[in-house]
Amino acid sequence: MSKFLCFFFLIIFISFFFHGRSSEFDFEDEEEAWLNEEDDGVNMVQSQQRAWHKSCDFTEGKWLYDESYPLYDSSCPYLSSAVTCQKNGRPDSDYEKWRWKPNGCSIPRFDALHFLGKMRNRRIMLVGDSIMRNQWESLVCLVQGVIPTGRKRVTYNGPTMAFLALDFETSIEFCWAPLLVELKMGPQNKRILHLDSIEENARYWRGVNVLVFDSAHWWTHSDNTTAWDYYMEGTKVLTDLNPMVAYEKGLTTWAKWVDLNLDPSTTRVIFRTMSPRHNRENGWRCYNVREPLAFFSHPHVAEPVLVLEGILRRMRFPVYLQDITNMSALRRDGHPSVYSRAMAQEEQHHFSDCSHWCLPGVPDIWNEMLSAIL
C-alpha cells in the first residue's frame with residue numbers, strides 16, 4: 001500500500017510539474033521508461049480481471065439461431081438510415097436472430113432496466129469511429145424502449161452526442177475520435193496526424209464513469225484513402241512510416257493519457273477490438289450472404305489486435321480488452337451490403353458496405369457482452 005501511495009503522489013507531482021507544457025514535445029525516452037514501470041496495486045487488479053476473463057472466455061464459441069431475437073426492431077428512432085437494412089429493402093431478416101454462445105458459459109440476455117439501474121447517476125461514453133457510432137445506436141435502442149417518451153432526449157456537444165435517460169440520470173454518449181490522437185489541418189491545407197497529441201479529444205473523456213474505446217479502421221485504410229497527408233511527432237515530420245508503427249505510437253499516447261489522468265476507483269475503461277471488414281473482392285464479399293460461417297479454416301489474429309494487446313500489457317491502468325474480432329468475422333451476413341440506403345435495383349450493384357452492421361444485428365451482441373462485463 002505504501003508503495004502504491006508513493007507512486008500516486010509521484011504522478012501528481014509529475015503532472016503538476018509538466019502542466020502548461022506544449023503537447024508537441026518529444027517524449028521518446030520518457031515513453032520508454034513509462035512503458036517499463038510497474039505498480040503492484042494495479043497489477044493486482046489486472047490479474048483479477050484476467051482470472052475472471054479466463055473463467056468465462058467470451059471470445060471462443062458459436063452463433064446460435066434464436067427466434068426470440070432481436071431485442072428491438074428497426075423502427076427504433078435513433079438508428080441511422082444507413083443501418084436500417086430492412087427499411088432499405090433487404091429481403092431477409094435472419095441476420096437479426098443470431099446470438100453468441102461462448103464455450104463453457106453464457107452471456108446474459110440484455111436487460112434494459114438492469115443496465116440502467118447499474119448506470120444510474122453515471123455516464124458511459126463510446127469513443128471511436130462510425131462503427132462505434134453503430135454500437136452506440138444499438139445500445140441506445142436496447143434501452144430506450146423502457147423509458148417514457150417525455151423522459152429521454154439526445155443532446156450534442158462538439159464531437160459528442162448523448163442519449164439521456166432522465167429518470168435514471170444516465171447518459172449514454174458517443175464521442176467521434178476515430179484515431180484517438182489529433183488530426184489537424186496544416187499549411188497548404190495538408191492533413192497532419194499528430195501522434196503525440198491527444199488533449200483536444202481527451203478533454204471530452206474527463207468525468208465519464210465508463211469509457212469504451214475503439215480505434216483501428218482508420219489506421220488500416222489503403223494509401224489512397226488515408227485521412228492524413230503526413231504524421232508529426234513533436235516537431236518531427238514523418239512522411240514514410242509503417243501504419244502499424246504509427247498505430248502503436250498513437251495508442252501509446254492514448255495509454256499514457258489514461259495512466260496519468262484517470263483513476264481506476266472511479267472510472268472503468270474498456271477497449272473493444274477492431275470490427276472485421278469483409279471488403280475483399282471490392283466490397284462484394286458480404287453481398288447476398290444469408291447466414292454466419294460455422295468456423296474458420298485458417299484462424300488468425302489481426303495485426304492491430306496484436307499491437308493493442310502489447311500496449312495494454314504495459315499499462316498501469318487496468319483496461320479490459322473486449323475481443324469481438326473473431327466472433328464478428330464469422331458474420332459476413334450481418335453487413336448492409338447494398339442495403340445501406342434505399343435505391344433502385346439497377347443502382348444496387350455500384351456499392352456494397354461490408355464494414356458497418358445492420359441493426360438490429362451484431363453490435364447488439366457486443367452490447368450484451370458489454371453489459372455482462374460491467
# chains A, B, ... in the order shown; residues from 1 in each chain; ligands from 1
$ residues_around --residues "Tyr247 in chain A" --least-positions-apart "6" --cutoff "10 Å" --atoms "only C-alpha atoms" --output "MDAnalysis selection string"
chainID A and resid 179 181 195 215:216 218:220 241 253 304 307:308
$ select_by_dssp --residues "range 62-299 of chain A" --states "strand (DSSP E)" --output "ChimeraX atom specification"
/A:62-65,98-102,123-128,152-157,160-165,170-176,182-185,191-194,210-213,230-233,236-238,268-272
$ select_by_dssp --residues "range 164-252 of chain A" --states "helix (DSSP H, G or I)" --output "list of chain:residue names"
A:Leu166, A:Asp167, A:Phe168, A:Pro187, A:Gln188, A:Asn189, A:Glu199, A:Glu200, A:Asn201, A:Ala202, A:His217, A:Trp218, A:Trp219, A:Thr220, A:Asp223, A:Asn224, A:Thr225, A:Pro243, A:Met244, A:Val245, A:Ala246, A:Tyr247, A:Glu248, A:Lys249, A:Gly250, A:Leu251, A:Thr252
$ write_last_selection --atoms "C-alpha atoms" --output "PDB file, in the first residue's frame"
ATOM      1  CA  LEU A 166     -33.716  11.444 -17.280  1.00  0.00           C
ATOM      2  CA  ASP A 167     -35.344   9.359 -14.527  1.00  0.00           C
ATOM      3  CA  PHE A 168     -32.135   7.342 -14.101  1.00  0.00           C
ATOM      4  CA  PRO A 187      -0.019  24.602 -44.140  1.00  0.00           C
ATOM      5  CA  GLN A 188      -1.342  24.263 -47.707  1.00  0.00           C
ATOM      6  CA  ASN A 189      -4.382  22.510 -46.234  1.00  0.00           C
ATOM      7  CA  GLU A 199      -5.879  16.524 -25.334  1.00  0.00           C
ATOM      8  CA  GLU A 200      -8.290  18.125 -27.827  1.00  0.00           C
ATOM      9  CA  ASN A 201     -10.126  14.799 -27.968  1.00  0.00           C
ATOM     10  CA  ALA A 202      -9.411  13.602 -24.429  1.00  0.00           C
ATOM     11  CA  HIS A 217     -10.123   1.021 -39.064  1.00  0.00           C
ATOM     12  CA  TRP A 218      -8.837   4.456 -39.976  1.00  0.00           C
ATOM     13  CA  TRP A 219      -5.271   3.322 -39.307  1.00  0.00           C
ATOM     14  CA  THR A 220      -5.576   0.468 -41.806  1.00  0.00           C
ATOM     15  CA  ASP A 223      -2.768   4.738 -49.127  1.00  0.00           C
ATOM     16  CA  ASN A 224      -5.306   6.442 -51.404  1.00  0.00           C
ATOM     17  CA  THR A 225      -7.994   6.576 -48.669  1.00  0.00           C
ATOM     18  CA  PRO A 243       0.905   2.197 -40.483  1.00  0.00           C
ATOM     19  CA  MET A 244       1.211  -0.304 -37.634  1.00  0.00           C
ATOM     20  CA  VAL A 245       4.208   1.578 -36.209  1.00  0.00           C
ATOM     21  CA  ALA A 246       2.138   4.761 -36.374  1.00  0.00           C
ATOM     22  CA  TYR A 247      -0.792   2.923 -34.748  1.00  0.00           C
ATOM     23  CA  GLU A 248       1.442   1.781 -31.901  1.00  0.00           C
ATOM     24  CA  LYS A 249       2.694   5.329 -31.379  1.00  0.00           C
ATOM     25  CA  GLY A 250      -0.854   6.691 -31.352  1.00  0.00           C
ATOM     26  CA  LEU A 251      -2.045   4.030 -28.906  1.00  0.00           C
ATOM     27  CA  THR A 252       0.965   4.721 -26.698  1.00  0.00           C
TER      28      THR A 252
END
$ residues_around --residues "Trp366 in chain A" --least-positions-apart "5" --cutoff "10 Å" --atoms "only C-alpha atoms" --output "ChimeraX atom specification"
/A:100,135,138-139,272,322-324,327-328,361,371-372
$ closest_residue --among "A:Ser352, A:Asn103, A:Asn209, A:Thr273" --to "Met125 in chain A" --atoms "only C-alpha atoms"
A:Asn209
$ closest_residue --among "A:Gln144, A:Thr266, A:Asn367, A:Ser130" --to "Cys175 in chain A" --atoms "only C-alpha atoms"
A:Ser130
$ residues_around --residues "range 112-117 of chain A" --least-positions-apart "2" --cutoff "12 Å" --atoms "only C-alpha atoms" --output "PyMOL selection string"
chain A and resi 71-72+108-110+119-124+139-147+164-172+367-374
$ residues_around --residues "range 258-263 of chain A" --least-positions-apart "4" --cutoff "7 Å" --atoms "only C-alpha atoms" --output "list in words"
Ile11, Trp254, Thr267, Met315, Arg316 and Phe317 of chain A
$ write_last_selection --atoms "all heavy atoms" --output "PDB file, in the first residue's frame"
ATOM      1  N   ILE A  11       3.031  10.687  -9.332  1.00  0.00           N
ATOM      2  CA  ILE A  11       2.318  11.032 -10.559  1.00  0.00           C
ATOM      3  C   ILE A  11       1.726  12.434 -10.461  1.00  0.00           C
ATOM      4  O   ILE A  11       1.775  13.233 -11.395  1.00  0.00           O
ATOM      5  CB  ILE A  11       1.213   9.998 -10.838  1.00  0.00           C
ATOM      6  CG1 ILE A  11       1.835   8.648 -11.252  1.00  0.00           C
ATOM      7  CG2 ILE A  11       0.269  10.483 -11.929  1.00  0.00           C
ATOM      8  CD1 ILE A  11       2.681   8.749 -12.492  1.00  0.00           C
ATOM      9  N   TRP A 254      -2.366   7.475 -26.252  1.00  0.00           N
ATOM     10  CA  TRP A 254      -3.642   7.243 -25.558  1.00  0.00           C
ATOM     11  C   TRP A 254      -3.403   6.572 -24.207  1.00  0.00           C
ATOM     12  O   TRP A 254      -3.962   6.979 -23.185  1.00  0.00           O
ATOM     13  CB  TRP A 254      -4.545   6.375 -26.429  1.00  0.00           C
ATOM     14  CG  TRP A 254      -5.713   5.794 -25.691  1.00  0.00           C
ATOM     15  CD1 TRP A 254      -6.899   6.401 -25.437  1.00  0.00           C
ATOM     16  CD2 TRP A 254      -5.778   4.501 -25.060  1.00  0.00           C
ATOM     17  NE1 TRP A 254      -7.715   5.562 -24.696  1.00  0.00           N
ATOM     18  CE2 TRP A 254      -7.044   4.398 -24.454  1.00  0.00           C
ATOM     19  CE3 TRP A 254      -4.894   3.427 -24.966  1.00  0.00           C
ATOM     20  CZ2 TRP A 254      -7.444   3.253 -23.755  1.00  0.00           C
ATOM     21  CZ3 TRP A 254      -5.294   2.300 -24.271  1.00  0.00           C
ATOM     22  CH2 TRP A 254      -6.551   2.221 -23.674  1.00  0.00           C
ATOM     23  N   THR A 267     -13.347   5.215 -12.526  1.00  0.00           N
ATOM     24  CA  THR A 267     -13.561   5.095 -13.971  1.00  0.00           C
ATOM     25  C   THR A 267     -13.222   3.691 -14.448  1.00  0.00           C
ATOM     26  O   THR A 267     -12.151   3.166 -14.125  1.00  0.00           O
ATOM     27  CB  THR A 267     -12.687   6.111 -14.737  1.00  0.00           C
ATOM     28  OG1 THR A 267     -12.932   7.417 -14.236  1.00  0.00           O
ATOM     29  CG2 THR A 267     -12.993   6.074 -16.225  1.00  0.00           C
ATOM     30  N   MET A 315       0.456  -1.196 -19.629  1.00  0.00           N
ATOM     31  CA  MET A 315      -0.184  -0.090 -18.922  1.00  0.00           C
ATOM     32  C   MET A 315      -0.300  -0.373 -17.434  1.00  0.00           C
ATOM     33  O   MET A 315      -0.377  -1.528 -17.009  1.00  0.00           O
ATOM     34  CB  MET A 315      -1.587   0.161 -19.497  1.00  0.00           C
ATOM     35  CG  MET A 315      -1.598   0.744 -20.883  1.00  0.00           C
ATOM     36  SD  MET A 315      -3.283   1.028 -21.492  1.00  0.00           S
ATOM     37  CE  MET A 315      -3.848   2.335 -20.378  1.00  0.00           C
ATOM     38  N   ARG A 316      -0.322   0.711 -16.648  1.00  0.00           N
ATOM     39  CA  ARG A 316      -0.584   0.589 -15.220  1.00  0.00           C
ATOM     40  C   ARG A 316      -2.083   0.521 -14.955  1.00  0.00           C
ATOM     41  O   ARG A 316      -2.522  -0.171 -14.043  1.00  0.00           O
ATOM     42  CB  ARG A 316       0.035   1.786 -14.472  1.00  0.00           C
ATOM     43  CG  ARG A 316       1.542   1.817 -14.480  1.00  0.00           C
ATOM     44  CD  ARG A 316       2.065   2.929 -13.589  1.00  0.00           C
ATOM     45  NE  ARG A 316       1.738   4.248 -14.104  1.00  0.00           N
ATOM     46  CZ  ARG A 316       2.525   4.950 -14.917  1.00  0.00           C
ATOM     47  NH1 ARG A 316       3.673   4.426 -15.315  1.00  0.00           N
ATOM     48  NH2 ARG A 316       2.174   6.144 -15.321  1.00  0.00           N
ATOM     49  N   PHE A 317      -2.865   1.267 -15.706  1.00  0.00           N
ATOM     50  CA  PHE A 317      -4.313   1.316 -15.518  1.00  0.00           C
ATOM     51  C   PHE A 317      -4.928   0.002 -16.001  1.00  0.00           C
ATOM     52  O   PHE A 317      -4.600  -0.495 -17.081  1.00  0.00           O
ATOM     53  CB  PHE A 317      -4.904   2.490 -16.316  1.00  0.00           C
ATOM     54  CG  PHE A 317      -6.307   2.842 -15.939  1.00  0.00           C
ATOM     55  CD1 PHE A 317      -6.569   3.909 -15.097  1.00  0.00           C
ATOM     56  CD2 PHE A 317      -7.382   2.107 -16.419  1.00  0.00           C
ATOM     57  CE1 PHE A 317      -7.865   4.246 -14.744  1.00  0.00           C
ATOM     58  CE2 PHE A 317      -8.679   2.428 -16.072  1.00  0.00           C
ATOM     59  CZ  PHE A 317      -8.929   3.500 -15.227  1.00  0.00           C
TER      60      PHE A 317
END
$ residues_around --residues "Tyr230 in chain A" --least-positions-apart "6" --cutoff "7 Å" --atoms "only C-alpha atoms" --output "list in words"
Arg191, Ile192, Leu193, Leu238 and Thr239 of chain A
$ write_last_selection --atoms "C-alpha atoms" --output "compact mmCIF listing (two decimals), in the first residue's frame"
# COMPACT_ATOMS: atom_id res chain seq x y z
CA ARG A 191 -3.88 17.00 -43.04
CA ILE A 192 -1.46 16.26 -40.20
CA LEU A 193 -1.86 13.36 -37.79
CA LEU A 238 7.17 11.77 -40.68
CA THR A 239 6.13 11.01 -44.24
$ atom_distance --atom1 "CA of Leu64 in chain A" --atom2 "CA of Pro363 in chain A"
15.5 Å
$ residues_around --residues "Phe174 in chain A" --least-positions-apart "2" --cutoff "6 Å" --atoms "only C-alpha atoms" --output "VMD selection string"
chain A and resid 125 to 127 160 to 161
$ decode --residues "range 159-189 of chain A" --atoms "N, CA, C and O atoms" --output "PDB file, in the first residue's frame"
ATOM      1  N   PRO A 159     -17.882  17.124 -30.751  1.00  0.00           N
ATOM      2  CA  PRO A 159     -17.864  15.817 -31.416  1.00  0.00           C
ATOM      3  C   PRO A 159     -18.652  14.745 -30.654  1.00  0.00           C
ATOM      4  O   PRO A 159     -18.553  13.565 -30.977  1.00  0.00           O
ATOM      5  N   THR A 160     -19.418  15.143 -29.635  1.00  0.00           N
ATOM      6  CA  THR A 160     -20.120  14.153 -28.820  1.00  0.00           C
ATOM      7  C   THR A 160     -21.626  14.296 -28.964  1.00  0.00           C
ATOM      8  O   THR A 160     -22.153  15.369 -29.273  1.00  0.00           O
ATOM      9  N   MET A 161     -22.319  13.196 -28.759  1.00  0.00           N
ATOM     10  CA  MET A 161     -23.770  13.192 -28.633  1.00  0.00           C
ATOM     11  C   MET A 161     -24.126  12.307 -27.454  1.00  0.00           C
ATOM     12  O   MET A 161     -23.412  11.336 -27.156  1.00  0.00           O
ATOM     13  N   ALA A 162     -25.207  12.639 -26.768  1.00  0.00           N
ATOM     14  CA  ALA A 162     -25.565  11.929 -25.545  1.00  0.00           C
ATOM     15  C   ALA A 162     -27.051  11.630 -25.528  1.00  0.00           C
ATOM     16  O   ALA A 162     -27.881  12.527 -25.741  1.00  0.00           O
ATOM     17  N   PHE A 163     -27.386  10.368 -25.275  1.00  0.00           N
ATOM     18  CA  PHE A 163     -28.759   9.965 -25.020  1.00  0.00           C
ATOM     19  C   PHE A 163     -28.961  10.011 -23.504  1.00  0.00           C
ATOM     20  O   PHE A 163     -28.212   9.367 -22.753  1.00  0.00           O
ATOM     21  N   LEU A 164     -29.948  10.771 -23.062  1.00  0.00           N
ATOM     22  CA  LEU A 164     -30.189  10.969 -21.636  1.00  0.00           C
ATOM     23  C   LEU A 164     -31.442  10.229 -21.208  1.00  0.00           C
ATOM     24  O   LEU A 164     -32.525  10.453 -21.761  1.00  0.00           O
ATOM     25  N   ALA A 165     -31.295   9.337 -20.226  1.00  0.00           N
ATOM     26  CA  ALA A 165     -32.432   8.695 -19.561  1.00  0.00           C
ATOM     27  C   ALA A 165     -32.664   9.487 -18.282  1.00  0.00           C
ATOM     28  O   ALA A 165     -31.978   9.280 -17.274  1.00  0.00           O
ATOM     29  N   LEU A 166     -33.613  10.426 -18.316  1.00  0.00           N
ATOM     30  CA  LEU A 166     -33.716  11.444 -17.280  1.00  0.00           C
ATOM     31  C   LEU A 166     -34.053  10.873 -15.913  1.00  0.00           C
ATOM     32  O   LEU A 166     -33.509  11.316 -14.895  1.00  0.00           O
ATOM     33  N   ASP A 167     -34.952   9.900 -15.830  1.00  0.00           N
ATOM     34  CA  ASP A 167     -35.344   9.359 -14.527  1.00  0.00           C
ATOM     35  C   ASP A 167     -34.212   8.588 -13.856  1.00  0.00           C
ATOM     36  O   ASP A 167     -34.194   8.445 -12.626  1.00  0.00           O
ATOM     37  N   PHE A 168     -33.279   8.076 -14.645  1.00  0.00           N
ATOM     38  CA  PHE A 168     -32.135   7.342 -14.101  1.00  0.00           C
ATOM     39  C   PHE A 168     -30.911   8.240 -13.964  1.00  0.00           C
ATOM     40  O   PHE A 168     -29.897   7.812 -13.418  1.00  0.00           O
ATOM     41  N   GLU A 169     -31.007   9.466 -14.512  1.00  0.00           N
ATOM     42  CA  GLU A 169     -29.853  10.362 -14.567  1.00  0.00           C
ATOM     43  C   GLU A 169     -28.659   9.650 -15.188  1.00  0.00           C
ATOM     44  O   GLU A 169     -27.519   9.735 -14.705  1.00  0.00           O
ATOM     45  N   THR A 170     -28.965   8.936 -16.275  1.00  0.00           N
ATOM     46  CA  THR A 170     -27.956   8.162 -17.006  1.00  0.00           C
ATOM     47  C   THR A 170     -27.715   8.816 -18.357  1.00  0.00           C
ATOM     48  O   THR A 170     -28.652   9.225 -19.042  1.00  0.00           O
ATOM     49  N   SER A 171     -26.446   8.898 -18.736  1.00  0.00           N
ATOM     50  CA  SER A 171     -26.065   9.459 -20.026  1.00  0.00           C
ATOM     51  C   SER A 171     -25.283   8.410 -20.818  1.00  0.00           C
ATOM     52  O   SER A 171     -24.256   7.913 -20.346  1.00  0.00           O
ATOM     53  N   ILE A 172     -25.790   8.073 -21.995  1.00  0.00           N
ATOM     54  CA  ILE A 172     -25.122   7.127 -22.896  1.00  0.00           C
ATOM     55  C   ILE A 172     -24.595   7.942 -24.063  1.00  0.00           C
ATOM     56  O   ILE A 172     -25.369   8.465 -24.869  1.00  0.00           O
ATOM     57  N   GLU A 173     -23.273   8.059 -24.172  1.00  0.00           N
ATOM     58  CA  GLU A 173     -22.670   9.044 -25.060  1.00  0.00           C
ATOM     59  C   GLU A 173     -21.791   8.406 -26.132  1.00  0.00           C
ATOM     60  O   GLU A 173     -21.267   7.306 -25.954  1.00  0.00           O
ATOM     61  N   PHE A 174     -21.659   9.140 -27.227  1.00  0.00           N
ATOM     62  CA  PHE A 174     -20.722   8.771 -28.285  1.00  0.00           C
ATOM     63  C   PHE A 174     -19.802   9.952 -28.545  1.00  0.00           C
ATOM     64  O   PHE A 174     -20.246  11.096 -28.616  1.00  0.00           O
ATOM     65  N   CYS A 175     -18.510   9.681 -28.686  1.00  0.00           N
ATOM     66  CA  CYS A 175     -17.520  10.714 -28.994  1.00  0.00           C
ATOM     67  C   CYS A 175     -16.774  10.327 -30.264  1.00  0.00           C
ATOM     68  O   CYS A 175     -16.154   9.254 -30.323  1.00  0.00           O
ATOM     69  N   TRP A 176     -16.860  11.182 -31.262  1.00  0.00           N
ATOM     70  CA  TRP A 176     -16.179  10.942 -32.537  1.00  0.00           C
ATOM     71  C   TRP A 176     -14.687  11.220 -32.379  1.00  0.00           C
ATOM     72  O   TRP A 176     -14.258  12.361 -32.216  1.00  0.00           O
ATOM     73  N   ALA A 177     -13.883  10.167 -32.390  1.00  0.00           N
ATOM     74  CA  ALA A 177     -12.416  10.286 -32.319  1.00  0.00           C
ATOM     75  C   ALA A 177     -11.832   9.030 -32.946  1.00  0.00           C
ATOM     76  O   ALA A 177     -11.290   8.163 -32.252  1.00  0.00           O
ATOM     77  N   PRO A 178     -11.929   8.890 -34.267  1.00  0.00           N
ATOM     78  CA  PRO A 178     -11.576   7.617 -34.926  1.00  0.00           C
ATOM     79  C   PRO A 178     -10.115   7.224 -34.803  1.00  0.00           C
ATOM     80  O   PRO A 178      -9.778   6.047 -34.927  1.00  0.00           O
ATOM     81  N   LEU A 179      -9.234   8.207 -34.553  1.00  0.00           N
ATOM     82  CA  LEU A 179      -7.804   7.919 -34.426  1.00  0.00           C
ATOM     83  C   LEU A 179      -7.311   8.121 -32.994  1.00  0.00           C
ATOM     84  O   LEU A 179      -6.137   7.895 -32.715  1.00  0.00           O
ATOM     85  N   LEU A 180      -8.187   8.580 -32.113  1.00  0.00           N
ATOM     86  CA  LEU A 180      -7.894   8.916 -30.725  1.00  0.00           C
ATOM     87  C   LEU A 180      -6.981  10.127 -30.624  1.00  0.00           C
ATOM     88  O   LEU A 180      -7.275  11.086 -29.926  1.00  0.00           O
ATOM     89  N   VAL A 181      -5.840  10.083 -31.310  1.00  0.00           N
ATOM     90  CA  VAL A 181      -4.955  11.247 -31.326  1.00  0.00           C
ATOM     91  C   VAL A 181      -5.495  12.292 -32.303  1.00  0.00           C
ATOM     92  O   VAL A 181      -6.480  12.056 -32.999  1.00  0.00           O
ATOM     93  N   GLU A 182      -4.833  13.458 -32.359  1.00  0.00           N
ATOM     94  CA  GLU A 182      -5.397  14.622 -33.054  1.00  0.00           C
ATOM     95  C   GLU A 182      -5.025  14.674 -34.542  1.00  0.00           C
ATOM     96  O   GLU A 182      -3.866  14.514 -34.910  1.00  0.00           O
ATOM     97  N   LEU A 183      -6.027  14.924 -35.350  1.00  0.00           N
ATOM     98  CA  LEU A 183      -5.856  15.137 -36.786  1.00  0.00           C
ATOM     99  C   LEU A 183      -6.190  16.597 -37.064  1.00  0.00           C
ATOM    100  O   LEU A 183      -7.302  17.052 -36.794  1.00  0.00           O
ATOM    101  N   LYS A 184      -5.212  17.365 -37.593  1.00  0.00           N
ATOM    102  CA  LYS A 184      -5.396  18.802 -37.782  1.00  0.00           C
ATOM    103  C   LYS A 184      -5.008  19.213 -39.199  1.00  0.00           C
ATOM    104  O   LYS A 184      -4.241  18.532 -39.875  1.00  0.00           O
ATOM    105  N   MET A 185      -5.537  20.364 -39.603  1.00  0.00           N
ATOM    106  CA  MET A 185      -5.151  20.946 -40.883  1.00  0.00           C
ATOM    107  C   MET A 185      -3.887  21.771 -40.689  1.00  0.00           C
ATOM    108  O   MET A 185      -3.774  22.541 -39.723  1.00  0.00           O
ATOM    109  N   GLY A 186      -2.937  21.623 -41.607  1.00  0.00           N
ATOM    110  CA  GLY A 186      -1.681  22.353 -41.547  1.00  0.00           C
ATOM    111  C   GLY A 186      -1.512  23.281 -42.736  1.00  0.00           C
ATOM    112  O   GLY A 186      -2.484  23.584 -43.447  1.00  0.00           O
ATOM    113  N   PRO A 187      -0.284  23.730 -42.988  1.00  0.00           N
ATOM    114  CA  PRO A 187      -0.019  24.602 -44.140  1.00  0.00           C
ATOM    115  C   PRO A 187      -0.433  23.937 -45.449  1.00  0.00           C
ATOM    116  O   PRO A 187      -0.357  22.708 -45.594  1.00  0.00           O
ATOM    117  N   GLN A 188      -0.862  24.754 -46.404  1.00  0.00           N
ATOM    118  CA  GLN A 188      -1.342  24.263 -47.707  1.00  0.00           C
ATOM    119  C   GLN A 188      -2.482  23.234 -47.568  1.00  0.00           C
ATOM    120  O   GLN A 188      -2.648  22.343 -48.397  1.00  0.00           O
ATOM    121  N   ASN A 189      -3.238  23.408 -46.485  1.00  0.00           N
ATOM    122  CA  ASN A 189      -4.382  22.510 -46.234  1.00  0.00           C
ATOM    123  C   ASN A 189      -3.976  21.032 -46.164  1.00  0.00           C
ATOM    124  O   ASN A 189      -4.772  20.147 -46.508  1.00  0.00           O
TER     125      ASN A 189
END
